[in-house]
$ cat work-v1.txt   # compact mmCIF, C-alpha atoms
# COMPACT_ATOMS: atom_id res chain seq x y z
CA MET A 164 -70.12 -28.44 42.38
CA SER A 165 -67.21 -29.09 40.09
CA ASN A 166 -66.44 -26.59 37.30
CA ARG A 167 -65.07 -29.27 34.99
CA ILE A 168 -66.99 -30.05 31.81
CA ALA A 169 -67.43 -33.78 31.30
CA LEU A 170 -66.88 -34.93 27.70
CA PRO A 171 -69.07 -37.74 26.38
CA VAL A 172 -67.23 -41.05 26.53
CA ASN A 173 -69.02 -42.49 23.47
CA GLN A 174 -67.82 -39.77 21.08
CA VAL A 175 -65.69 -41.04 18.16
CA ARG A 176 -63.27 -38.51 16.69
CA LEU A 177 -62.35 -39.07 13.06
CA THR A 178 -58.92 -37.75 12.04
CA ASN A 179 -57.17 -37.83 8.68
CA VAL A 180 -60.47 -38.69 7.02
CA ALA A 181 -60.95 -39.47 3.33
CA VAL A 182 -64.58 -39.50 2.25
CA VAL A 183 -65.88 -41.85 -0.46
CA ARG A 184 -69.25 -40.65 -1.75
CA MET A 185 -71.95 -42.32 -3.84
CA ASN A 186 -75.33 -41.04 -5.02
CA ARG A 187 -78.02 -43.65 -5.61
CA HIS A 188 -81.83 -43.37 -5.86
CA GLY A 189 -81.65 -39.67 -5.05
CA LYS A 190 -79.81 -40.27 -1.76
CA ARG A 191 -76.22 -39.52 -0.81
CA PHE A 192 -74.16 -42.13 1.02
CA GLU A 193 -70.66 -41.66 2.41
CA VAL A 194 -68.07 -43.74 4.25
CA ALA A 195 -65.08 -42.51 6.26
CA CYS A 196 -61.75 -44.09 5.23
CA TYR A 197 -58.02 -43.70 5.76
CA ARG A 198 -56.36 -41.68 3.01
CA ASN A 199 -53.51 -44.07 2.34
CA LYS A 200 -55.67 -47.21 2.20
CA ILE A 201 -58.30 -46.48 -0.46
CA LEU A 202 -55.99 -46.95 -3.43
CA ASN A 203 -54.50 -50.13 -1.93
CA TYR A 204 -58.00 -51.54 -1.45
CA ARG A 205 -59.05 -50.80 -5.02
CA GLN A 206 -55.86 -52.35 -6.40
CA GLY A 207 -56.41 -55.50 -4.33
CA ILE A 208 -53.38 -54.97 -2.09
CA GLU A 209 -55.47 -54.45 1.06
CA THR A 210 -58.37 -56.86 1.64
CA ASP A 211 -59.14 -56.27 5.32
CA LEU A 212 -62.04 -53.82 5.46
CA SER A 213 -61.27 -52.81 9.04
CA GLU A 214 -57.88 -51.46 7.89
CA VAL A 215 -59.56 -49.26 5.29
CA LEU A 216 -62.64 -47.91 7.10
CA GLN A 217 -62.41 -45.69 10.15
CA THR A 218 -65.88 -46.82 11.20
CA ASP A 219 -68.05 -49.53 9.70
CA ARG A 220 -71.12 -47.30 9.31
CA VAL A 221 -72.64 -45.65 6.29
CA PHE A 222 -73.25 -41.89 6.60
CA THR A 223 -75.37 -39.41 4.75
CA ASN A 224 -72.90 -36.70 5.81
CA VAL A 225 -69.59 -37.63 7.43
CA SER A 226 -68.69 -34.08 8.47
CA LYS A 227 -71.96 -33.74 10.44
CA GLY A 228 -71.97 -37.33 11.70
CA LEU A 229 -75.36 -38.22 10.20
CA PHE A 230 -75.91 -41.96 9.75
CA ALA A 231 -77.88 -43.36 6.84
CA PRO A 232 -81.24 -44.93 7.80
CA SER A 233 -81.71 -48.64 7.22
CA LYS A 234 -84.69 -48.08 4.93
CA ASP A 235 -82.60 -45.88 2.62
CA LEU A 236 -79.89 -48.57 2.52
CA MET A 237 -82.49 -51.22 1.67
CA LEU A 238 -83.92 -49.03 -1.09
CA ALA A 239 -80.55 -48.16 -2.61
CA PHE A 240 -78.50 -51.35 -2.08
CA ASP A 241 -81.22 -53.99 -1.50
CA SER A 242 -79.56 -54.76 1.81
CA SER A 243 -79.24 -53.18 5.21
CA ASP A 244 -75.91 -54.87 5.98
CA GLN A 245 -73.44 -52.10 6.76
CA GLU A 246 -70.36 -54.03 5.63
CA GLN A 247 -71.86 -55.00 2.27
CA CYS A 248 -73.00 -51.41 1.62
CA CYS A 249 -69.54 -50.10 2.56
CA ARG A 250 -67.89 -52.45 0.07
CA ILE A 251 -70.20 -51.28 -2.73
CA ILE A 252 -69.47 -47.64 -1.93
CA LEU A 253 -65.70 -48.29 -1.78
CA ASP A 254 -65.74 -50.09 -5.14
CA LYS A 255 -67.95 -47.70 -7.10
CA GLY A 256 -67.92 -44.44 -5.13
CA GLN A 257 -65.97 -41.27 -5.79
CA VAL A 258 -63.13 -40.22 -3.50
CA GLN A 259 -63.50 -36.65 -2.27
CA VAL A 260 -60.13 -34.89 -2.22
CA SER A 261 -59.09 -31.24 -2.43
CA ASP A 262 -57.55 -29.63 -5.50
CA MET A 263 -54.08 -29.53 -3.97
CA GLU A 264 -54.25 -33.20 -2.97
CA ARG A 265 -55.50 -34.17 -6.43
CA SER A 266 -52.67 -32.22 -8.10
CA ALA A 267 -50.07 -33.81 -5.82
CA MET A 268 -51.43 -37.31 -6.45
CA LEU A 269 -51.47 -36.69 -10.21
CA GLU A 270 -47.89 -35.41 -10.17
CA ASN A 271 -46.67 -38.39 -8.12
CA THR A 272 -48.40 -40.92 -10.37
CA SER A 273 -47.10 -39.22 -13.53
CA ARG A 274 -43.57 -39.23 -12.11
CA GLU A 275 -43.82 -42.93 -11.21
CA VAL A 276 -45.07 -43.85 -14.69
CA ALA A 277 -42.37 -41.73 -16.38
CA ASN A 278 -39.62 -43.28 -14.24
CA MET A 279 -40.89 -46.77 -15.07
CA VAL A 280 -40.94 -45.96 -18.80
CA ALA A 281 -37.43 -44.48 -18.64
CA THR A 282 -36.18 -47.56 -16.76
CA LYS A 283 -37.82 -50.33 -18.79
CA CYS A 284 -37.82 -48.86 -22.31
CA VAL A 285 -35.01 -48.03 -24.75
CA ASN A 286 -34.38 -46.50 -28.13
CA PRO A 287 -34.45 -49.43 -30.62
CA ARG A 288 -31.69 -47.85 -32.73
CA SER A 289 -29.10 -47.46 -29.97
CA ASP A 290 -30.52 -49.72 -27.19
CA ARG A 291 -30.03 -46.85 -24.74
CA PRO A 292 -32.70 -45.56 -22.33
CA TYR A 293 -34.29 -42.13 -22.53
CA THR A 294 -34.18 -39.60 -19.73
CA THR A 295 -37.19 -38.95 -17.51
CA ASN A 296 -37.66 -35.43 -18.91
CA GLN A 297 -37.80 -36.78 -22.46
CA ILE A 298 -40.43 -39.31 -21.38
CA ARG A 299 -42.49 -36.61 -19.63
CA ASP A 300 -42.46 -34.45 -22.77
CA ALA A 301 -43.44 -37.44 -24.91
CA MET A 302 -46.31 -38.25 -22.52
CA LYS A 303 -47.64 -34.69 -22.87
CA LYS A 304 -47.43 -34.77 -26.66
CA ALA A 305 -49.07 -38.20 -26.82
CA GLU A 306 -51.78 -37.01 -24.36
CA CYS A 307 -51.29 -39.96 -22.02
CA SER A 308 -53.95 -39.89 -19.30
CA VAL A 309 -52.73 -40.88 -15.83
CA GLN A 310 -55.35 -41.53 -13.16
CA PRO A 311 -54.08 -41.56 -9.54
CA THR A 312 -57.29 -43.01 -8.02
CA SER A 313 -57.96 -45.53 -10.78
CA ALA A 314 -58.25 -49.26 -10.11
CA ARG A 315 -55.53 -49.84 -12.72
CA SER A 316 -52.09 -50.18 -11.18
CA VAL A 317 -49.07 -48.07 -12.09
CA LYS A 318 -47.66 -50.94 -14.18
CA GLN A 319 -50.86 -51.19 -16.24
CA GLN A 320 -50.85 -47.42 -16.80
CA PHE A 321 -47.16 -47.70 -17.78
CA LEU A 322 -48.06 -50.25 -20.49
CA ASP A 323 -50.88 -48.01 -21.74
CA CYS A 324 -48.51 -45.04 -21.84
CA VAL A 325 -45.88 -46.94 -23.89
CA LYS A 326 -48.55 -48.10 -26.35
CA SER A 327 -49.92 -44.56 -26.71
CA ILE A 328 -46.43 -43.12 -27.40
CA GLN A 329 -45.79 -45.81 -30.02
CA ASP A 330 -49.18 -45.32 -31.71
CA LYS A 331 -48.82 -41.54 -31.89
CA GLY A 332 -45.24 -41.82 -33.16
CA VAL A 333 -44.02 -39.17 -30.71
CA LEU A 334 -40.89 -41.09 -29.73
CA ASP A 335 -39.08 -44.09 -31.21
CA ILE A 336 -39.37 -46.39 -28.22
CA GLN A 337 -39.77 -50.05 -27.34
CA ARG A 338 -39.64 -52.29 -24.29
CA ALA A 339 -36.12 -53.28 -23.25
CA LYS A 340 -35.51 -56.97 -23.87
CA MET A 341 -34.92 -59.57 -21.17
CA GLU A 342 -32.01 -61.99 -21.18
CA LEU A 343 -33.22 -65.49 -20.29
CA ALA A 344 -31.59 -68.89 -20.14
CA ILE A 345 -33.13 -72.36 -20.42
CA VAL A 346 -31.28 -75.22 -18.75
CA MET A 347 -32.16 -78.43 -20.62
CA PRO A 348 -32.02 -81.91 -19.09
CA ASP A 349 -31.29 -83.44 -22.51
CA THR A 350 -29.40 -81.83 -25.39
CA SER A 351 -31.35 -83.82 -27.99
CA VAL A 352 -34.18 -81.29 -27.89
CA ALA A 353 -31.86 -78.31 -28.32
CA ARG A 354 -32.58 -77.81 -32.02
CA GLU A 355 -36.33 -78.12 -31.55
CA LEU A 356 -36.17 -75.73 -28.59
CA VAL A 357 -34.28 -73.08 -30.58
CA VAL A 358 -36.76 -73.32 -33.47
CA ARG A 359 -39.76 -72.94 -31.15
CA LEU A 360 -38.18 -69.99 -29.35
CA LYS A 361 -37.52 -68.20 -32.64
CA GLU A 362 -40.96 -68.86 -34.08
CA ASP A 363 -43.28 -68.63 -31.07
CA ALA A 364 -41.41 -66.27 -28.74
CA GLN A 365 -39.48 -64.30 -31.43
CA ALA A 366 -36.30 -64.76 -29.42
CA THR A 367 -32.80 -63.66 -30.40
CA MET A 368 -30.33 -66.42 -29.58
CA GLN A 369 -27.10 -65.67 -27.72
CA PRO A 370 -23.84 -67.66 -27.79
CA SER A 371 -23.28 -69.97 -24.83
CA GLN A 372 -20.34 -72.17 -23.77
CA HIS A 373 -22.55 -74.90 -22.29
CA LYS A 374 -24.54 -77.18 -24.55
CA GLU A 375 -27.20 -77.76 -21.89
CA ARG A 376 -27.83 -74.01 -21.52
CA VAL A 377 -29.55 -71.85 -24.18
CA GLN A 378 -29.36 -68.09 -23.73
CA PHE A 379 -31.59 -65.70 -25.67
CA LEU A 380 -33.09 -62.21 -25.68
CA ILE A 381 -36.84 -61.83 -25.63
CA ASP A 382 -39.49 -59.15 -25.35
CA PRO A 383 -40.98 -59.05 -21.81
CA SER A 384 -44.47 -59.61 -23.25
CA LYS A 385 -43.30 -63.04 -24.56
CA TYR A 386 -42.07 -64.27 -21.17
CA ARG A 387 -45.06 -66.53 -20.57
CA VAL A 388 -44.65 -68.10 -24.01
CA ALA A 389 -41.01 -68.93 -23.22
CA ASP A 390 -42.02 -70.28 -19.81
CA THR A 391 -44.62 -72.55 -21.43
CA ILE A 392 -42.04 -73.83 -23.95
CA ALA A 393 -39.58 -74.58 -21.12
CA LYS A 394 -42.20 -76.47 -19.11
CA THR A 395 -43.22 -78.62 -22.08
CA ILE A 396 -39.71 -80.04 -22.40
CA GLY A 397 -39.11 -80.25 -18.65
CA ALA A 398 -36.43 -77.51 -18.66
CA THR A 399 -35.75 -74.74 -16.16
CA LEU A 400 -36.17 -71.10 -17.14
CA GLU A 401 -33.79 -68.60 -15.55
CA ILE A 402 -33.69 -64.79 -15.75
CA SER A 403 -30.14 -63.62 -16.42
CA ARG A 404 -30.92 -59.92 -16.84
CA GLN A 405 -34.34 -58.38 -16.54
CA ILE A 406 -33.46 -55.25 -18.54
CA VAL A 407 -30.82 -55.32 -21.30
CA THR A 408 -29.48 -51.90 -22.30
CA ARG A 409 -26.29 -50.62 -23.88
CA GLU A 410 -23.86 -49.39 -21.22
CA GLY A 411 -20.81 -47.17 -21.28
CA ASP A 412 -20.07 -43.77 -22.75
CA VAL A 413 -21.60 -42.74 -26.05
CA ASP A 414 -19.22 -42.49 -29.00
CA VAL A 415 -20.55 -39.83 -31.33
CA SER A 416 -18.78 -41.19 -34.39
CA LEU A 417 -20.18 -44.69 -33.82
CA GLU A 418 -23.67 -43.32 -33.33
CA LEU A 419 -23.42 -41.32 -36.56
CA GLU A 420 -22.15 -44.37 -38.44
CA ARG A 421 -25.00 -46.46 -37.04
CA ASN A 422 -27.60 -43.86 -38.04
CA THR A 423 -26.06 -43.58 -41.52
CA ALA A 424 -26.11 -47.36 -41.92
CA GLN A 425 -29.75 -47.51 -40.86
CA GLN A 426 -30.69 -44.79 -43.34
CA GLN A 427 -28.84 -46.63 -46.11
CA ASN A 428 -30.67 -49.83 -45.22
CA GLN A 429 -34.01 -48.03 -45.41
CA GLU A 430 -33.11 -46.55 -48.80
CA ALA A 431 -31.97 -49.98 -50.02
CA LYS A 432 -35.31 -51.44 -48.96
CA LYS A 433 -37.16 -48.72 -50.89
CA ASP A 434 -35.01 -49.30 -53.95
CA ALA A 435 -35.58 -53.04 -53.67
CA MET A 436 -39.33 -52.47 -53.58
CA ASP A 437 -39.00 -50.22 -56.64
CA GLY A 438 -36.87 -52.84 -58.39
CA ILE A 439 -39.50 -55.56 -58.04
CA GLY A 440 -41.35 -54.15 -61.02
CA ASP A 441 -38.09 -53.98 -63.01
CA ALA A 442 -37.32 -57.63 -62.25
CA ASN A 443 -40.78 -58.66 -63.42
CA LEU A 444 -40.29 -56.68 -66.62
CA ALA A 445 -36.90 -58.34 -67.25
CA ALA A 446 -38.45 -61.78 -66.72
CA GLU A 447 -41.16 -60.99 -69.26
CA VAL A 448 -38.53 -59.84 -71.78
CA ASP A 449 -36.56 -63.06 -71.29
CA ALA A 450 -39.70 -65.11 -71.83
CA LEU A 451 -40.43 -63.24 -75.08
CA ASP A 452 -36.85 -63.78 -76.28
CA ARG A 453 -37.16 -67.49 -75.64
CA GLU A 454 -40.45 -67.65 -77.55
CA LEU A 455 -38.91 -65.80 -80.51
CA GLU A 456 -35.92 -68.14 -80.47
CA SER A 457 -38.19 -71.18 -80.48
CA LEU A 458 -40.02 -69.77 -83.51
CA GLY A 459 -36.73 -69.23 -85.38
CA VAL A 460 -36.83 -65.45 -85.27
CA PRO A 461 -33.30 -63.94 -84.85
CA SER A 462 -32.72 -61.99 -81.66
CA SER A 463 -31.67 -58.38 -81.61
CA ASN A 464 -28.61 -59.28 -79.53
CA PRO A 465 -25.61 -59.62 -81.90
CA HIS A 466 -23.80 -62.03 -79.52
CA LEU A 467 -26.71 -64.47 -79.33
CA ASP A 468 -25.22 -66.86 -81.90
CA GLY A 469 -21.80 -66.83 -80.21
CA ASP A 470 -20.58 -68.25 -77.00
CA ASP A 471 -23.45 -68.91 -74.58
CA ASP A 472 -21.41 -67.97 -71.49
CA TYR A 473 -20.31 -64.73 -73.10
CA VAL A 474 -23.87 -63.91 -74.10
CA GLU A 475 -25.19 -64.68 -70.63
CA SER A 476 -22.50 -62.55 -68.96
CA GLN A 477 -23.24 -59.69 -71.33
CA GLN A 478 -26.94 -59.92 -70.62
CA VAL A 479 -26.36 -59.98 -66.87
CA SER A 480 -24.06 -56.95 -67.03
CA GLN A 481 -26.51 -55.09 -69.24
CA ARG A 482 -29.37 -55.84 -66.85
CA LYS A 483 -27.31 -54.58 -63.94
CA LYS A 484 -26.53 -51.39 -65.81
CA ASN A 485 -30.18 -50.94 -66.71
CA ALA A 486 -31.24 -51.55 -63.12
CA LYS A 487 -28.72 -48.99 -61.82
CA ALA A 488 -29.79 -46.46 -64.43
CA GLN A 489 -33.43 -46.99 -63.55
CA LYS A 490 -32.68 -46.59 -59.85
CA LYS A 491 -30.79 -43.37 -60.52
CA SER A 492 -33.57 -42.09 -62.75
CA LYS A 493 -36.18 -42.92 -60.13
CA LYS A 494 -34.17 -41.12 -57.47
CA ALA A 495 -33.77 -38.14 -59.79
CA LYS A 496 -37.49 -38.11 -60.55
CA ARG A 497 -38.32 -38.33 -56.87
CA ARG A 498 -35.90 -35.49 -56.08
CA GLU A 499 -37.30 -33.43 -58.96
CA LYS A 500 -40.84 -33.93 -57.67
CA GLU A 501 -39.80 -32.80 -54.20
CA GLU A 502 -38.02 -29.72 -55.58
CA THR A 503 -41.04 -28.89 -57.77
CA SER A 504 -43.40 -29.14 -54.82
CA LEU A 505 -41.13 -26.93 -52.68
CA ARG A 506 -40.84 -24.40 -55.51
CA GLN A 507 -44.62 -24.35 -55.94
CA GLU A 508 -45.09 -23.81 -52.19
CA ARG A 509 -42.67 -20.85 -52.29
CA ILE A 510 -44.50 -19.36 -55.28
CA GLU A 511 -47.87 -19.69 -53.58
CA ALA A 512 -46.48 -18.17 -50.37
CA GLU A 513 -45.05 -15.23 -52.36
CA LYS A 514 -48.40 -14.72 -54.12
CA GLU A 515 -50.24 -14.69 -50.81
CA ARG A 516 -47.73 -12.19 -49.40
CA ARG A 517 -48.16 -9.88 -52.39
CA GLU A 518 -51.95 -10.09 -52.29
CA GLU A 519 -51.91 -9.33 -48.59
CA ARG A 520 -49.60 -6.35 -49.18
CA GLU A 521 -51.80 -4.99 -52.03
CA PHE A 522 -54.90 -5.41 -49.90
CA ARG A 523 -53.23 -3.59 -47.01
CA LEU A 524 -52.12 -0.72 -49.28
CA ALA A 525 -55.58 -0.44 -50.85
CA HIS A 526 -57.13 -0.36 -47.41
CA GLN A 527 -54.74 2.39 -46.32
CA ASN A 528 -55.50 4.46 -49.48
CA GLN A 529 -59.21 4.03 -48.90
CA ASN A 530 -58.83 5.29 -45.34
CA LYS A 531 -56.85 8.28 -46.64
CA ASP A 532 -59.60 9.11 -49.17
CA ILE A 533 -62.24 8.91 -46.46
CA ASP A 534 -60.22 11.21 -44.20
CA ALA A 535 -59.72 13.67 -47.07
CA GLY A 536 -63.47 13.70 -47.82
CA LEU A 537 -64.28 14.37 -44.21
CA THR A 538 -61.72 17.16 -44.14
CA ASN A 539 -63.29 18.78 -47.21
CA GLN A 540 -66.74 18.63 -45.63
CA LEU A 541 -65.57 20.46 -42.51
CA PRO A 542 -65.41 24.28 -42.66
CA SER A 543 -61.92 25.53 -43.34
CA GLU A 544 -60.12 27.91 -41.01
CA GLY A 545 -59.70 30.55 -43.69
CA ALA A 546 -63.45 30.78 -44.72
CA LYS A 547 -64.95 34.28 -44.47
CA LYS A 548 -67.87 35.12 -42.19
CA SER A 549 -70.07 38.21 -42.27
CA CYS A 550 -71.81 40.26 -39.56
CA ASN A 551 -75.57 40.87 -39.99
CA THR A 552 -75.38 44.15 -38.09
CA CYS A 553 -72.23 45.80 -39.38
CA GLY A 554 -71.81 44.05 -42.71
CA GLY A 555 -68.45 43.13 -44.16
CA SER A 556 -66.64 39.71 -44.17
CA PHE A 557 -64.19 38.44 -41.55
CA THR A 558 -62.12 35.38 -40.90
CA PRO A 559 -63.20 33.25 -37.92
CA THR A 560 -60.60 34.90 -35.70
CA GLU A 561 -61.51 38.40 -36.87
CA HIS A 562 -65.21 37.53 -36.60
CA ARG A 563 -64.82 36.67 -32.89
CA ALA A 564 -62.79 39.87 -32.26
CA HIS A 565 -65.38 41.93 -34.16
CA PHE A 566 -68.18 41.00 -31.75
CA ARG A 567 -66.12 42.43 -28.89
CA SER A 568 -65.20 45.67 -30.69
CA ASP A 569 -66.64 49.12 -29.98
CA TRP A 570 -67.78 49.53 -33.61
CA HIS A 571 -70.12 46.50 -33.34
CA ARG A 572 -71.44 47.68 -29.99
CA TYR A 573 -72.16 51.12 -31.45
CA ASN A 574 -74.01 49.64 -34.44
CA GLN A 575 -76.04 47.49 -32.06
CA LYS A 576 -77.20 50.69 -30.27
CA LEU A 577 -78.11 52.27 -33.60
CA LYS A 578 -80.01 49.16 -34.64
CA MET A 579 -82.03 49.24 -31.40
CA LYS A 580 -83.04 52.87 -32.11
CA GLY A 581 -84.00 52.07 -35.70
CA VAL A 582 -81.07 53.89 -37.27
CA SER A 583 -79.02 52.35 -40.07
CA PRO A 584 -75.49 51.26 -39.03
CA ILE A 585 -72.35 53.02 -40.14
CA ASP A 586 -69.16 51.62 -41.59
CA GLU A 587 -65.87 51.32 -39.77
CA ASN A 588 -64.21 54.41 -41.33
CA GLU A 589 -67.08 56.66 -40.32
CA PHE A 590 -67.01 55.21 -36.80
CA LEU A 591 -63.32 55.96 -36.47
CA MET A 592 -64.01 59.67 -37.19
CA PHE A 593 -66.25 59.98 -34.10
CA ASP A 594 -65.03 61.14 -30.73
CA ALA A 595 -65.12 58.90 -27.70
CA ASP A 596 -67.65 61.24 -26.01
CA ALA A 597 -70.06 60.84 -28.91
CA PHE A 598 -69.79 57.07 -28.67
CA PHE A 599 -70.57 56.94 -24.97
CA ALA A 600 -73.33 59.50 -25.06
CA ASP A 601 -76.74 58.21 -24.06
CA ASP A 602 -78.80 60.27 -26.50
CA LEU A 603 -77.82 58.51 -29.71

$ encode --input "work-v1.txt" --output "structure tokens"
Amino acid sequence: MSNRIALPVNQVRLTNVAVVRMNRHGKRFEVACYRNKILNYRQGIETDLSEVLQTDRVFTNVSKGLFAPSKDLMLAFDSSDQEQCCRIILDKGQVQVSDMERSAMLENTSREVANMVATKCVNPRSDRPYTTNQIRDAMKKAECSVQPTSARSVKQQFLDCVKSIQDKGVLDIQRAKMELAIVMPDTSVARELVVRLKEDAQATMQPSQHKERVQFLIDPSKYRVADTIAKTIGATLEISRQIVTREGDVDVSLELERNTAQQQNQEAKKDAMDGIGDANLAAEVDALDRELESLGVPSSNPHLDGDDDYVESQQVSQRKKNAKAQKKSKKAKRREKEETSLRQERIEAEKERREEREFRLAHQNQNKDIDAGLTNQLPSEGAKKSCNTCGGSFTPTEHRAHFRSDWHRYNQKLKMKGVSPIDENEFLMFDADAFFADDL
């Protein structure tokens, strides 16, 4: 008889297994898949089910090899077809992975999204891309959720991440523009094409040496709009550069000048918004002056009856002066309000600090008073104590030594015999034999 152990030939060994689990109608159903195929299947990259599943059977427990009964499949999925049930579990089930695998997948997906954001997005002020570390920090501050096993692709999660960063205002960021070119068969539609690109696609036109070729910059989200415009006129759309960024070394002086110019533009816009009310007021004043003049009432302007050009120039110069003075006064008022608010904040902070310090000192004094009261309640070291047998008063130290002295022992013997005790001077006059005698 042979000593070899025969292995069953129908045994299927599953290696590198990823389990997709689904609970339905109180039953658990599992399928065994390849780890690197589940995400591709959910994203639509892989459509062949045989490339995703290790075996086309539905289990109740993959690790134990327990198959799901047909009646349970019919109750849960209204079908006993194994392939149909496997597809439902793959689409809606939960992938079972370990903590380390989940952390690694999350880190890889986050890195891919951050690299895509750093590659395809720029700072709108300088048209330069951010580093990957800056994007990762911005994603954490904006609380961007990245899901490795989600059905949404990395590009869709990248778009969600950019939108979240923009909405939260964590980083000044925008999609890098694309450089496109439209080759026209007829130059007669060039003007119409440029107008439609500016209005519909919000394109920024670029200079070109060829009349039949129109180059422009456009946001990637408007690519389909530009493609539709090109098809309507029978033109060809070409991609010159997919990502347009500023290249070369950074000049610090130029960057500072650009930032200063942008700040000045923002302040000019604010001043212009503030000056709208002043312009309306000036228009009302002019209308009142014209009404007074029509009624024959003399104007307060002494040069009104003189040369009209001189009067108009004087009025314009005076209005400009008034507008500048009002702008300066508004800036001064705004600055004064800011300084007043800062001063009030410092005063309140100083008051809080003083109140906290007074409260802390009062608390410390109260603790000291409590400690002093407890100390007064305790017996002091120098208090006198008396002996009921010998009489007299002693300090605590002397009182303890007195109980061990021969005088106290002698008075205790006298007290036991019913004899009144003697004082210390009388005891010192006795001999030692009289003290140790038994017939006291």

$ atom_distance --input "work-v1.txt" --atom1 "atom CA of Thr294 of chain A" --atom2 "atom CA of Arg315 of chain A"
24.7 Å

$ residues_around --input "work-v1.txt" --residues "segment 250-262 of chain A" --least-positions-apart "3" --cutoff "9 Å" --atoms "all atoms listed in the file" --output "PyMOL selection string"
chain A and resi 181-186+192-194+201+204-205+212+240+245-247+265-267+312

$ residues_around --input "work-v1.txt" --residues "Val325 of chain A" --least-positions-apart "4" --cutoff "9 Å" --atoms "all atoms listed in the file" --output "PDB file with C-alpha atoms, in the frame of the given file"
ATOM      1  CA  VAL A 280     -40.940 -45.960 -18.800  1.00  0.00           C
ATOM      2  CA  CYS A 284     -37.820 -48.860 -22.310  1.00  0.00           C
ATOM      3  CA  MET A 302     -46.310 -38.250 -22.520  1.00  0.00           C
ATOM      4  CA  GLN A 320     -50.850 -47.420 -16.800  1.00  0.00           C
ATOM      5  CA  PHE A 321     -47.160 -47.700 -17.780  1.00  0.00           C
ATOM      6  CA  GLN A 329     -45.790 -45.810 -30.020  1.00  0.00           C
ATOM      7  CA  ASP A 330     -49.180 -45.320 -31.710  1.00  0.00           C
ATOM      8  CA  ILE A 336     -39.370 -46.390 -28.220  1.00  0.00           C
ATOM      9  CA  GLN A 337     -39.770 -50.050 -27.340  1.00  0.00           C
ATOM     10  CA  ARG A 338     -39.640 -52.290 -24.290  1.00  0.00           C
TER      11      ARG A 338
END

$ residues_around --input "work-v1.txt" --residues "Asn271 of chain A" --least-positions-apart "5" --cutoff "12 Å" --atoms "all atoms listed in the file" --output "list of chain:residue names"
A:Glu264, A:Arg265, A:Ser266, A:Val276, A:Ala277, A:Asn278, A:Val309, A:Gln310, A:Pro311, A:Thr312, A:Val317

$ write_last_selection --input "work-v1.txt" --atoms "C-alpha atoms" --output "short mmCIF file (atom, residue, chain, number, x, y, z; two decimals), keeping the file's coordinate frame"
data_model
loop_
_atom_site.label_atom_id
_atom_site.label_comp_id
_atom_site.auth_asym_id
_atom_site.auth_seq_id
_atom_site.Cartn_x
_atom_site.Cartn_y
_atom_site.Cartn_z
CA GLU A 264 -54.25 -33.20 -2.97
CA ARG A 265 -55.50 -34.17 -6.43
CA SER A 266 -52.67 -32.22 -8.10
CA VAL A 276 -45.07 -43.85 -14.69
CA ALA A 277 -42.37 -41.73 -16.38
CA ASN A 278 -39.62 -43.28 -14.24
CA VAL A 309 -52.73 -40.88 -15.83
CA GLN A 310 -55.35 -41.53 -13.16
CA PRO A 311 -54.08 -41.56 -9.54
CA THR A 312 -57.29 -43.01 -8.02
CA VAL A 317 -49.07 -48.07 -12.09
#

$ residues_around --input "work-v1.txt" --residues "segment 564-572 of chain A" --least-positions-apart "6" --cutoff "10 Å" --atoms "all atoms listed in the file" --output "list in words"
Cys550, Thr552, Cys553, Gly554, Phe557, Thr558, Lys578, Pro584, Ile585, Asp586, Glu587, Asn588, Glu589, Phe590, Leu591 and Phe598 of chain A

$ residues_around --input "work-v1.txt" --residues "Lys303 of chain A" --least-positions-apart "3" --cutoff "12 Å" --atoms "only C-alpha atoms" --output "VMD selection string"
chain A and resid 273 277 296 to 300 306 to 309 324 327 to 328 331 333 to 334
